[in-house]
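A.B. asks: So here's entry.tsv (TSV, C-alpha atoms).
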```tsv
chain	number	residue	atom	x	y	z
A	1471	MET	CA	18.52	0.83	-2.30
A	1472	GLY	CA	17.01	2.38	-5.36
A	1473	ALA	CA	13.66	2.07	-7.03
A	1474	ARG	CA	14.14	-1.39	-8.52
A	1475	ALA	CA	11.48	-2.55	-10.95
A	1476	ASN	CA	11.47	-6.03	-9.41
A	1477	ARG	CA	8.23	-7.53	-8.18
A	1478	ILE	CA	7.83	-7.32	-4.40
A	1479	THR	CA	7.61	-10.82	-2.90
A	1480	ARG	CA	7.02	-12.27	0.55
A	1481	ASP	CA	10.73	-13.07	0.80
A	1482	GLU	CA	11.47	-9.36	1.38
A	1483	PHE	CA	9.46	-9.13	4.62
A	1484	VAL	CA	10.75	-9.61	8.14
A	1485	THR	CA	8.36	-11.60	10.32
A	1486	PRO	CA	8.53	-10.83	14.06
A	1487	SER	CA	9.17	-13.89	16.20
A	1488	GLU	CA	5.75	-13.69	17.88
A	1489	LEU	CA	4.03	-14.01	14.48
A	1490	ARG	CA	6.20	-16.78	12.99
A	1491	GLY	CA	4.31	-19.94	12.27
A	1492	LEU	CA	1.06	-18.17	11.42
A	1493	GLY	CA	-0.45	-18.79	8.00
A	1494	ALA	CA	0.12	-15.32	6.53
A	1495	VAL	CA	3.55	-16.12	5.14
A	1496	THR	CA	2.23	-18.79	2.79
A	1497	ASP	CA	-1.40	-17.73	2.39
A	1498	PRO	CA	-1.94	-17.29	-1.38
A	1499	ALA	CA	-5.02	-15.10	-0.81
A	1500	GLY	CA	-3.01	-12.36	0.89
A	1501	ARG	CA	-2.05	-9.50	-1.39
A	1502	VAL	CA	1.62	-8.53	-1.54
A	1503	GLY	CA	2.32	-5.06	-2.86
A	1504	GLY	CA	4.04	-1.79	-2.18
A	1505	ALA	CA	6.21	0.86	-3.75
A	1506	ARG	CA	9.87	1.58	-4.37
A	1507	ILE	CA	10.34	5.33	-4.61
A	1508	GLU	CA	13.31	7.55	-5.39
A	1509	LEU	CA	13.08	11.31	-4.80
A	1510	VAL	CA	15.64	13.46	-6.60
A	1511	ARG	CA	16.54	17.14	-6.81
A	1512	SER	CA	16.21	18.67	-10.28
A	1513	GLY	CA	17.09	22.35	-10.40
A	1514	ASN	CA	15.03	23.99	-7.65
A	1515	GLU	CA	12.50	21.16	-7.43
A	1516	THR	CA	12.16	17.75	-5.87
A	1517	ARG	CA	10.87	15.23	-8.38
A	1518	LEU	CA	10.01	11.59	-8.53
A	1519	GLY	CA	13.00	9.64	-9.84
A	1520	ALA	CA	12.72	5.93	-10.43
A	1521	CYS	CA	9.42	4.58	-9.12
A	1522	TYR	CA	7.93	1.09	-8.97
A	1523	GLN	CA	4.34	0.54	-7.79
A	1524	GLN	CA	2.67	-2.77	-7.11
A	1525	VAL	CA	-1.07	-3.10	-6.45
A	1526	PRO	CA	-2.65	-2.30	-4.05
A	1527	VAL	CA	-0.26	0.59	-3.27
A	1528	ARG	CA	-0.18	3.55	-5.64
A	1529	VAL	CA	2.00	6.66	-5.65
A	1530	MET	CA	0.46	9.98	-6.63
A	1531	PRO	CA	2.65	12.48	-8.53
A	1532	PRO	CA	4.33	14.87	-6.06
A	1533	PHE	CA	2.47	18.09	-5.27
A	1534	ALA	CA	4.69	21.19	-5.26
A	1535	PHE	CA	3.69	24.41	-3.51
A	1536	ASP	CA	5.30	27.75	-4.40
A	1537	SER	CA	5.86	28.73	-0.78
A	1538	GLU	CA	7.34	25.38	0.33
A	1539	PRO	CA	10.81	23.97	-0.35
A	1540	GLY	CA	9.61	20.36	-0.40
A	1541	VAL	CA	6.94	18.36	-2.16
A	1542	LEU	CA	3.98	16.40	-0.80
A	1543	LEU	CA	3.80	12.77	-1.91
A	1544	TYR	CA	0.69	10.66	-1.25
A	1545	LEU	CA	0.67	6.87	-1.06
A	1546	ILE	CA	-2.73	5.35	-1.71
A	1547	ASN	CA	-4.01	1.91	-0.72
A	1548	LEU	CA	-6.59	0.85	-3.29
A	1549	THR	CA	-8.29	-1.64	-0.94
A	1550	ALA	CA	-10.31	-1.37	2.27
A	1551	GLY	CA	-7.18	-1.86	4.36
A	1552	LEU	CA	-4.89	-4.72	5.34
A	1553	MET	CA	-6.55	-8.13	5.33
A	1554	ASP	CA	-5.29	-11.42	6.74
A	1555	GLY	CA	-2.14	-12.32	4.79
A	1556	ASP	CA	-1.60	-8.87	3.21
A	1557	ALA	CA	1.93	-7.46	3.07
A	1558	HIS	CA	2.91	-3.96	1.93
A	1559	LEU	CA	6.53	-2.89	1.50
A	1560	VAL	CA	7.43	0.78	1.03
A	1561	GLU	CA	11.04	1.64	0.16
A	1562	ILE	CA	12.01	5.31	-0.13
A	1563	ALA	CA	15.40	6.72	-1.19
A	1564	VAL	CA	15.81	10.50	-0.90
A	1565	ARG	CA	18.79	11.80	-2.87
A	1566	PRO	CA	20.92	14.84	-1.92
A	1567	GLY	CA	19.00	18.12	-1.96
A	1568	ALA	CA	15.56	16.51	-2.27
A	1569	GLN	CA	12.90	17.51	0.28
A	1570	ALA	CA	9.55	15.82	0.77
A	1571	VAL	CA	6.67	14.91	3.05
A	1572	VAL	CA	5.31	11.41	2.41
A	1573	THR	CA	1.90	10.45	3.76
A	1574	GLY	CA	-1.11	8.26	3.13
A	1575	GLN	CA	-4.56	9.47	2.11
A	1576	SER	CA	-6.29	7.99	5.17
A	1577	ALA	CA	-5.90	5.75	8.18
A	1578	THR	CA	-4.77	2.16	7.65
A	1579	ARG	CA	-7.45	-0.30	8.70
A	1580	VAL	CA	-6.21	-3.70	9.85
A	1581	HIS	CA	-8.98	-6.30	9.53
A	1582	PRO	CA	-9.34	-9.46	11.64
A	1583	ALA	CA	-6.83	-12.22	11.00
A	1584	LEU	CA	-8.31	-15.71	11.15
A	1585	GLU	CA	-5.12	-17.67	10.47
A	1586	GLY	CA	-2.22	-15.30	9.85
A	1587	HIS	CA	-1.31	-11.63	10.10
A	1588	ALA	CA	-0.94	-8.50	8.01
A	1589	THR	CA	2.19	-6.39	7.74
A	1590	GLN	CA	3.28	-3.03	6.42
A	1591	GLN	CA	7.02	-2.43	6.44
A	1592	TRP	CA	9.03	0.66	5.53
A	1593	SER	CA	12.67	1.02	4.51
A	1594	VAL	CA	13.83	4.64	4.29
A	1595	ARG	CA	17.21	6.06	3.28
A	1596	VAL	CA	17.80	9.81	3.40
A	1597	GLU	CA	21.11	10.87	1.90
A	1598	GLU	CA	23.21	13.78	3.13
A	1599	GLY	CA	21.66	17.17	2.35
A	1600	ALA	CA	18.17	15.70	1.89
A	1601	CYS	CA	15.13	16.05	4.13
A	1602	LEU	CA	12.19	13.67	4.53
A	1603	VAL	CA	9.16	13.71	6.81
A	1604	VAL	CA	7.11	10.50	6.86
A	1605	LEU	CA	3.56	10.73	8.23
A	1606	PRO	CA	2.02	7.32	7.53
A	1607	GLY	CA	-1.19	8.17	9.35
A	1608	PRO	CA	-3.02	6.35	12.11
A	1609	VAL	CA	-3.62	2.61	12.22
A	1610	ILE	CA	-7.08	1.31	13.08
A	1611	PRO	CA	-6.83	-2.30	14.30
A	1612	PHE	CA	-10.10	-4.22	14.32
A	1613	ARG	CA	-10.75	-6.79	17.04
A	1614	GLY	CA	-8.91	-10.00	16.18
A	1615	SER	CA	-6.34	-8.35	13.93
A	1616	ARG	CA	-2.63	-9.22	13.96
A	1617	TYR	CA	-0.29	-6.56	12.55
```
Take the structure from the file and write it as structure tokens.

C.D. replies:
Amino acid sequence: MGARANRITRDEFVTPSELRGLGAVTDPAGRVGGARIELVRSGNETRLGACYQQVPVRVMPPFAFDSEPGVLLYLINLTAGLMDGDAHLVEIAVRPGAQAVVTGQSATRVHPALEGHATQQWSVRVEEGACLVVLPGPVIPFRGSRY
């Protein structure tokens, strides 16, 4: 897995058996997006390598702090949360020597699902000698949501 610049599609998502048959898989109104991120070591720093972003997910440039060995990387959802039919895929590859904390800017709100469901799926690969902490933040499910 690397940061491919291919559009994220519904075909990449795994649907749990209890949600199969619901309208979210084919609902054209649902927004499919996400990010494919590669973190690499360059000298004494961790930097963003290849990176693909697809609305509504955005990746902020990594924040480096003098006293910390790793960087802080924020993922931002540009919408009010996950709506019925939404699907977000986040793929992260951390190369040898890279160190990072990845988090969101706020809680993820999951809005009511009238016909389908919403999903947010992560695929993370940390190579030998790398370190990654993922803190996606809390999830706030509204009544009637499916996630």

A.B. asks: To one decimal place, how far is atom CA of A:Val1604 from atom CA of A:Leu1543 in Å?

C.D. replies: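 Computed distance, atom CA of A:Val1604 to atom CA of A:Leu1543, equals 9.6 Å.
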
A.B. asks: Between A:Pro1531, A:Gly1551, A:Gly1513, A:Pro1606, which has the minimum distance to A:Arg1501 (counting only C-alpha atoms)?

C.D. replies: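 Distance minimum relative to A:Arg1501 lands on A:Gly1551.
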
A.B. asks: From the options A:Gln1569, A:Asn1476, A:Gln1590, A:Thr1485, which residue's atoms come nearest to A:Arg1511, counting only C-alpha atoms?

C.D. replies: A:Gln1569

A.B. asks: If I put a ball of radius 12 Å at (9.4, 5.3, -3.8) in the file's coordinates, which residues poke into it when counting all atoms listed in the file, written as an MDAnalysis selection string?

C.D. replies: chainID A and resid 1471:1475 1504:1510 1517:1524 1527:1532 1543:1545 1559:1565 1570 1572:1573 1592:1596

A.B. asks: Can I get the selection written as a CSV table (one decimal), in the frame of the given file, with C-alpha atoms?

C.D. replies:
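Result written to out15.csv:
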```
chain,number,residue,atom,x,y,z
A,1471,MET,CA,18.5,0.8,-2.3
A,1472,GLY,CA,17.0,2.4,-5.4
A,1473,ALA,CA,13.7,2.1,-7.0
A,1474,ARG,CA,14.1,-1.4,-8.5
A,1475,ALA,CA,11.5,-2.6,-11.0
A,1504,GLY,CA,4.0,-1.8,-2.2
A,1505,ALA,CA,6.2,0.9,-3.8
A,1506,ARG,CA,9.9,1.6,-4.4
A,1507,ILE,CA,10.3,5.3,-4.6
A,1508,GLU,CA,13.3,7.6,-5.4
A,1509,LEU,CA,13.1,11.3,-4.8
A,1510,VAL,CA,15.6,13.5,-6.6
A,1517,ARG,CA,10.9,15.2,-8.4
A,1518,LEU,CA,10.0,11.6,-8.5
A,1519,GLY,CA,13.0,9.6,-9.8
A,1520,ALA,CA,12.7,5.9,-10.4
A,1521,CYS,CA,9.4,4.6,-9.1
A,1522,TYR,CA,7.9,1.1,-9.0
A,1523,GLN,CA,4.3,0.5,-7.8
A,1524,GLN,CA,2.7,-2.8,-7.1
A,1527,VAL,CA,-0.3,0.6,-3.3
A,1528,ARG,CA,-0.2,3.6,-5.6
A,1529,VAL,CA,2.0,6.7,-5.6
A,1530,MET,CA,0.5,10.0,-6.6
A,1531,PRO,CA,2.6,12.5,-8.5
A,1532,PRO,CA,4.3,14.9,-6.1
A,1543,LEU,CA,3.8,12.8,-1.9
A,1544,TYR,CA,0.7,10.7,-1.2
A,1545,LEU,CA,0.7,6.9,-1.1
A,1559,LEU,CA,6.5,-2.9,1.5
A,1560,VAL,CA,7.4,0.8,1.0
A,1561,GLU,CA,11.0,1.6,0.2
A,1562,ILE,CA,12.0,5.3,-0.1
A,1563,ALA,CA,15.4,6.7,-1.2
A,1564,VAL,CA,15.8,10.5,-0.9
A,1565,ARG,CA,18.8,11.8,-2.9
A,1570,ALA,CA,9.6,15.8,0.8
A,1572,VAL,CA,5.3,11.4,2.4
A,1573,THR,CA,1.9,10.4,3.8
A,1592,TRP,CA,9.0,0.7,5.5
A,1593,SER,CA,12.7,1.0,4.5
A,1594,VAL,CA,13.8,4.6,4.3
A,1595,ARG,CA,17.2,6.1,3.3
A,1596,VAL,CA,17.8,9.8,3.4
```

A.B. asks: Using only C-alpha atoms, can you tell me which of A:Cys1601, A:Ala1588, A:Ile1478, A:Leu1489 comes closest to A:Val1541?

C.D. replies: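 Comparing A:Cys1601, A:Ala1588, A:Ile1478, A:Leu1489 against A:Val1541, the winner is A:Cys1601.
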
A.B. asks: Give me the residues within 10 Å of A:Val1484 as a PyMOL selection string, counting all atoms listed in the file and dropping any in the same chain fewer than 3 places off.

C.D. replies: chain A and resi 1480-1481+1487+1490+1589+1591

A.B. asks: Rounded to one decimal, what separation in Å do you get between atom CA of A:Gly1607 and atom CA of A:Ala1577?

C.D. replies: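 Atom CA of A:Ala1577 lies 5.4 Å from atom CA of A:Gly1607.
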
A.B. asks: Compile the contact shell of A:Ala1550 as a list in words: residues with an atom at most 9 Å away, counting all atoms listed in the file, same-chain residues fewer than 4 positions apart removed.

C.D. replies: Thr1578, Arg1579, Val1580 and His1581 of chain A

A.B. asks: As an exercise, work out the distance from atom CA of A:Leu1548 to atom CA of A:Glu1488 in Å and give it to one decimal place.

C.D. replies: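 Pair atom CA of A:Leu1548 / atom CA of A:Glu1488 returns 28.5 Å.
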
A.B. asks: Compare A:Gly1586, A:Ile1610, A:Leu1605, A:Ala1534 by their minimum atom-to-atom distance to A:Asn1514, counting all atoms listed in the file, and give me the closest one.

C.D. replies: A:Ala1534

A.B. asks: With all atoms listed in the file as the atoms that count, which of A:Gly1503, A:Ser1576, A:Ser1512, A:Glu1482 lies nearest to A:Ala1557?

C.D. replies: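 Selected residue with least distance to A:Ala1557: A:Gly1503.
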